[in-house]
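Report on the structure given below.
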Amino acid sequence: MGSGEENSLFETRKDKARHIRRLYAVSLSVAICFVWAFRLTHIPAKGEAGKWAWLGLFVAEVWGGIYWIFYQALRWNMVYRTTFPNRLTPRYESRFPGVDIFVFTADAVVEPPMMVINTVLSVMAYDYPAEKLSVYLSDDGGSDVTFYALLQASSFAKHWIPFCKRFKVEPRSPAAYFNTVASTKSEDHNYVKHLATIHKLYEEMKRRVEEATKLGVPSEARSKHKGFSQWDSYSSPRDHDTILQIVMHKKDTEGSKDVDGCILPTLVYMAREKRPQYHTHFKAGAINSLLRVSSSISNGKIILILDCDMYSTHSQSVRDTLCFFMDEDKGQEIAYVQFPQSFDNIGKNDLYGNSLSEIVEVELHGADGFGGPIFIGTCCYLRRDAFYRKKFSREYKNDWNDENENEVTQVNLHELEEESKALANCSYEKNTLWGKKIGSVYGCLVEDVITGLQIQSHGWKSVYYNPSISAFSGIAPTNLLHTLVQMKRWGEGQVQLLLSEFRPKWYGDEKINLGLLLGYGHYNFFAITSLSVLYYSIIPSLYLLKGVSFFPKISSLWCIPFICVTVGEIAYSLIEGLSMGGSIQGWWNGTRMWLYVKTSSFLFSLIDGILGFFGHPNSSYSLTSKVIDDDVAQRYKKEVMEFGTSSPYFTVLATLALLNLFCLLLTLKDLVLQKGTFAAEKMTLQVLLCGVLVVINIPLYQAIFVRKDKGRMPTSVSIKSTAVAFTACVFFKLFN
């Protein structure tokens with residue numbers, strides 16, 4: 001997309017290693033076909049042990065091969081983008097569009113107000129004309145503490161933003177910046193003086209906000225600011241009127257200027273109306289409320305969607321984004337620009353695989369090569385027209401000179417607040433197309449993916465931009481359960497999407513590239529693949545106890561395709577991981593998490609997704625806590641896996657791990673004693689498979705048998721899993 005011509009604002013480069021990737025994909029596809037051929041030509045005769053298990057393995061391998069095609073589609077045509085903001089500024093600065101930034105929070109307990117306002121401050125300080133920048137905080141928790149924190153942030157911004165611009169500070173989240181400069185020294189005495197002053201102001205603000213978090217909003221603050229009166233009718237986070245306050249606005253010439261006398265960005269707090277009888281539609285509902293509210297206050301043509309834990313790390317990201325939207329040749333067809341998520345707290349070896357490096361560094365680049373990445377719900381700039389689901393046509397032209405977006409500000413601010421409140425009422429969407437044909441789509445846990453798919457189906461393209469300087473950064477889960485629960489939510493949402501009217505199979509209307517549809521399939525079939533992985537993790541190991549082989553002898557030529565597939569995938573994934581800056585231990589940790597997610601999170605995703613389809617929904621939208629316990633943090637730094645809580649996820653994982661351990665030990669006993677029908681040559685591959693499953697679960701065995709800290713496996717889970725695994729082994733060996 002984008003040419004290399006001198007007047008272009010961005011360029012697109014193809015993956016240099018694409019031919020090697022394609023050769024690998026074709027070669028391994030041939031090996032997979034030979035594996036299928038072996039299964040079909042060596043089916044056990046009637047009456048032989050393990051015939052049905054053999055056929056089950058064939059089904060698992062067929063599905064694994066088909067899913068592997070979806071997986072490879074995202075590696076077939078990877079592209080990389082480069083922007084030229086130095087060309088953008090002189091050409092378009094006077095015509096820059098308004099940018100509305102939506103920051104979302106939903107619970108002041110799991111999303112601390114200090115974290116929220118650091119994100120808000122980081123985007124308020126963007127290197128962009130302040131009169132064209134508007135920041136909206138959507139608080140679905142309706143917390144007066146969060147509102148109080150935002151008021152404190154608005155006062156601090158009057159000092160922080162001039163400081164950032166004067167000294168070209170990066171990153172512009174105060175907390176992140178002060179952590180960065182703590183270990184550095186400067187010879188610039190003027191800078192050091194200002195730094196000390198601004199740091200003191202920040203610490204005072206932090207103290208006030210944290211005190212309010214513990215003790216409640218001070219009565220002095222309540223009486224001083226009229227905005228708190230809106231909590232007088234407040235009943236609970238799920239039952240209250242719309243609370244909306246324009247904290248700063250360019251029409252307020254006194255309160256919206258910094259200490260240097262410069263205009264500050266518009267800042268708005270919104271807690272949309274909640275009533276028990278109305279479904280909130282979670283984040284999708286909040287997005288739609290803000291779409292309407294912002295249209296009456298600022299009506300920016302570009303919208304940034306941002307979770308409250310993803311602060312901006314680069315103040316130039318708006319200008320990078322405009323290089324795509326304002327490109328003369330291709331800009332008019334781009335609906336959104338998706339940036340990657342990055343995380344501050346990922347260890348060297350990425351214990352829980354939370355860096356999502358495979359998605360960020362490979363798969364989104366691959367989707368971009370076929371017309372655009374999926375919309376991941378955060379760190380994404382969108383064209384307002386596309387969000388309103390306007391269809392793209394070749395006649396569509398960028399009109400950055402339109403002054404209508406500023407007309408809505410020419411009214412009394414109090415009247416504007418009151419008019420805007422009505423747009424966030426529960427009843428506003430009744431008998432409308434909101435949540436269906438307009439705005440963010442309702443009815444699915446991955447409403448962001450569906451929304452992006454709908455936009456693309458209307459002919460729009462999207463772009464993935466992964467700059468050398470990270471644009472956004474946040475906090476990843478630091479314990480295993482939070483990671484598994486988060487992956488379960490994503491997997492269940494993909495099952496809902498697959499079973500809904502929005503599934504890609506029916507939705508494209510030939511406007512979505514086949515390669516991109518296959519890429520969507522990679523995510524849509526996440527959960528279904530769990531059945532194949534689960535089958536492969538159980539059946540071959542159990543049949544070791546009976547001496548029944550499901551794989552060719554090590555001396556047979558049929559062994560070659562199995563070795564090629566296994567070694568090829570291991571080598572490829574290891575090289576890919578190392579090329580992304582990972583380590584061998586990090587690759588091993590990622591492989592373990594792949595197994596854990598497939599056999600627990602995605603299993604529960606599939607079950608709940610199917611139950612929901614048949615009218616028995618068991619899903620809920622749960623936030624991942626951003627509050628980290630000190631003990632958990634210490635173990636995370638030492639790369640010790642965190643269990644510590646009874647959970648069905650841990651019961652499944654522990655049972656599978658112990659089952660494989662018991663099967664391997666019993667098999668090795670028979671091998672040493674040369675008992676029964678065990679034949680080493682024909683069982684080699686099967687023993688190796690079981691052995692790998694045991695080795696990869698060593699941290700889990702340590703949590704059950706060795707560790708004494710609070711992060712060990714709970715005794716109840718250990719006893720339950722041991723009993724189930726041992727009973728299964730004994731029953732299978734004696735009675736099957």
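As shown in the structure tokens, the chain order sets the letters A, B, ...; within each chain, residues go from 1, and ligands are also counted from 1 in the order they appear.
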Region 357-459 of chain A residues near region 306-327 of chain A within 12 Å, closest pair each, using only C-alpha atoms, as JSON lines:
```
{"residue": "A:Ile376", "atom": "CA", "partner": "A:Leu306", "partner_atom": "CA", "distance": 10.4}
{"residue": "A:Gly377", "atom": "CA", "partner": "A:Leu306", "partner_atom": "CA", "distance": 7.6}
{"residue": "A:Thr378", "atom": "CA", "partner": "A:Leu306", "partner_atom": "CA", "distance": 4.6}
{"residue": "A:Cys379", "atom": "CA", "partner": "A:Leu306", "partner_atom": "CA", "distance": 5.3}
{"residue": "A:Cys380", "atom": "CA", "partner": "A:Leu306", "partner_atom": "CA", "distance": 7.1}
{"residue": "A:Tyr381", "atom": "CA", "partner": "A:Thr321", "partner_atom": "CA", "distance": 7.3}
{"residue": "A:Leu382", "atom": "CA", "partner": "A:Phe325", "partner_atom": "CA", "distance": 9.4}
{"residue": "A:Arg383", "atom": "CA", "partner": "A:Phe325", "partner_atom": "CA", "distance": 8.3}
{"residue": "A:Arg384", "atom": "CA", "partner": "A:Phe325", "partner_atom": "CA", "distance": 11.7}
{"residue": "A:Lys397", "atom": "CA", "partner": "A:Met326", "partner_atom": "CA", "distance": 10.2}
{"residue": "A:Asn398", "atom": "CA", "partner": "A:Met326", "partner_atom": "CA", "distance": 7.3}
{"residue": "A:Asp399", "atom": "CA", "partner": "A:Met326", "partner_atom": "CA", "distance": 9.5}
{"residue": "A:Trp400", "atom": "CA", "partner": "A:Met326", "partner_atom": "CA", "distance": 8.4}
{"residue": "A:Asn401", "atom": "CA", "partner": "A:Met326", "partner_atom": "CA", "distance": 11.9}
```
Those same residues - C-alpha atoms - I'd like them written as a PDB file, in the first residue's frame.
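The result, written out as selection36.pdb:
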```pdb
ATOM      1  CA  ILE A 376      -7.421  -5.210  18.865  1.00  0.00           C
ATOM      2  CA  GLY A 377      -9.458  -2.673  20.851  1.00  0.00           C
ATOM      3  CA  THR A 378      -6.647  -0.451  22.106  1.00  0.00           C
ATOM      4  CA  CYS A 379      -3.663   1.518  20.756  1.00  0.00           C
ATOM      5  CA  CYS A 380      -5.648   2.187  17.594  1.00  0.00           C
ATOM      6  CA  TYR A 381      -6.410   5.377  15.655  1.00  0.00           C
ATOM      7  CA  LEU A 382      -9.674   5.230  13.703  1.00  0.00           C
ATOM      8  CA  ARG A 383     -11.391   7.467  11.198  1.00  0.00           C
ATOM      9  CA  ARG A 384     -14.721   8.607  12.691  1.00  0.00           C
ATOM     10  CA  LYS A 397     -11.913  12.006  -0.552  1.00  0.00           C
ATOM     11  CA  ASN A 398     -10.146  13.280   2.527  1.00  0.00           C
ATOM     12  CA  ASP A 399     -11.536  16.692   3.437  1.00  0.00           C
ATOM     13  CA  TRP A 400      -9.223  18.051   6.098  1.00  0.00           C
ATOM     14  CA  ASN A 401     -10.424  21.615   5.518  1.00  0.00           C
TER      15      ASN A 401
END
```
Using only C-alpha atoms, can you tell me which of A:Asn513, A:Thr478, A:Asn524, A:Gln230 comes closest to Gly347 (chain A)?
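Using only C-alpha atoms, Gly347 (chain A) sits closest to A:Thr478.
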Identify, on the basis of only C-alpha atoms, every residue whose closest approach to Thr715 (chain A) does not exceed 12 Å; exclude the query and any residue fewer than 6 positions from it along the same chain; express the result as a list of chain:residue names.
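In the requested form, the answer reads A:Phe643, A:Gly644, A:Thr645, A:Ser646, A:Ser647, A:Phe650, A:Thr651, A:Ala654, A:Ala703, A:Ile704, A:Phe705, A:Val706, A:Arg707, A:Lys708, A:Ser721, A:Thr722.
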Expressed in Å to a single decimal, how great is the separation between CA of Ile359 (chain A) and CA of Val565 (chain A)?
22.0 Å
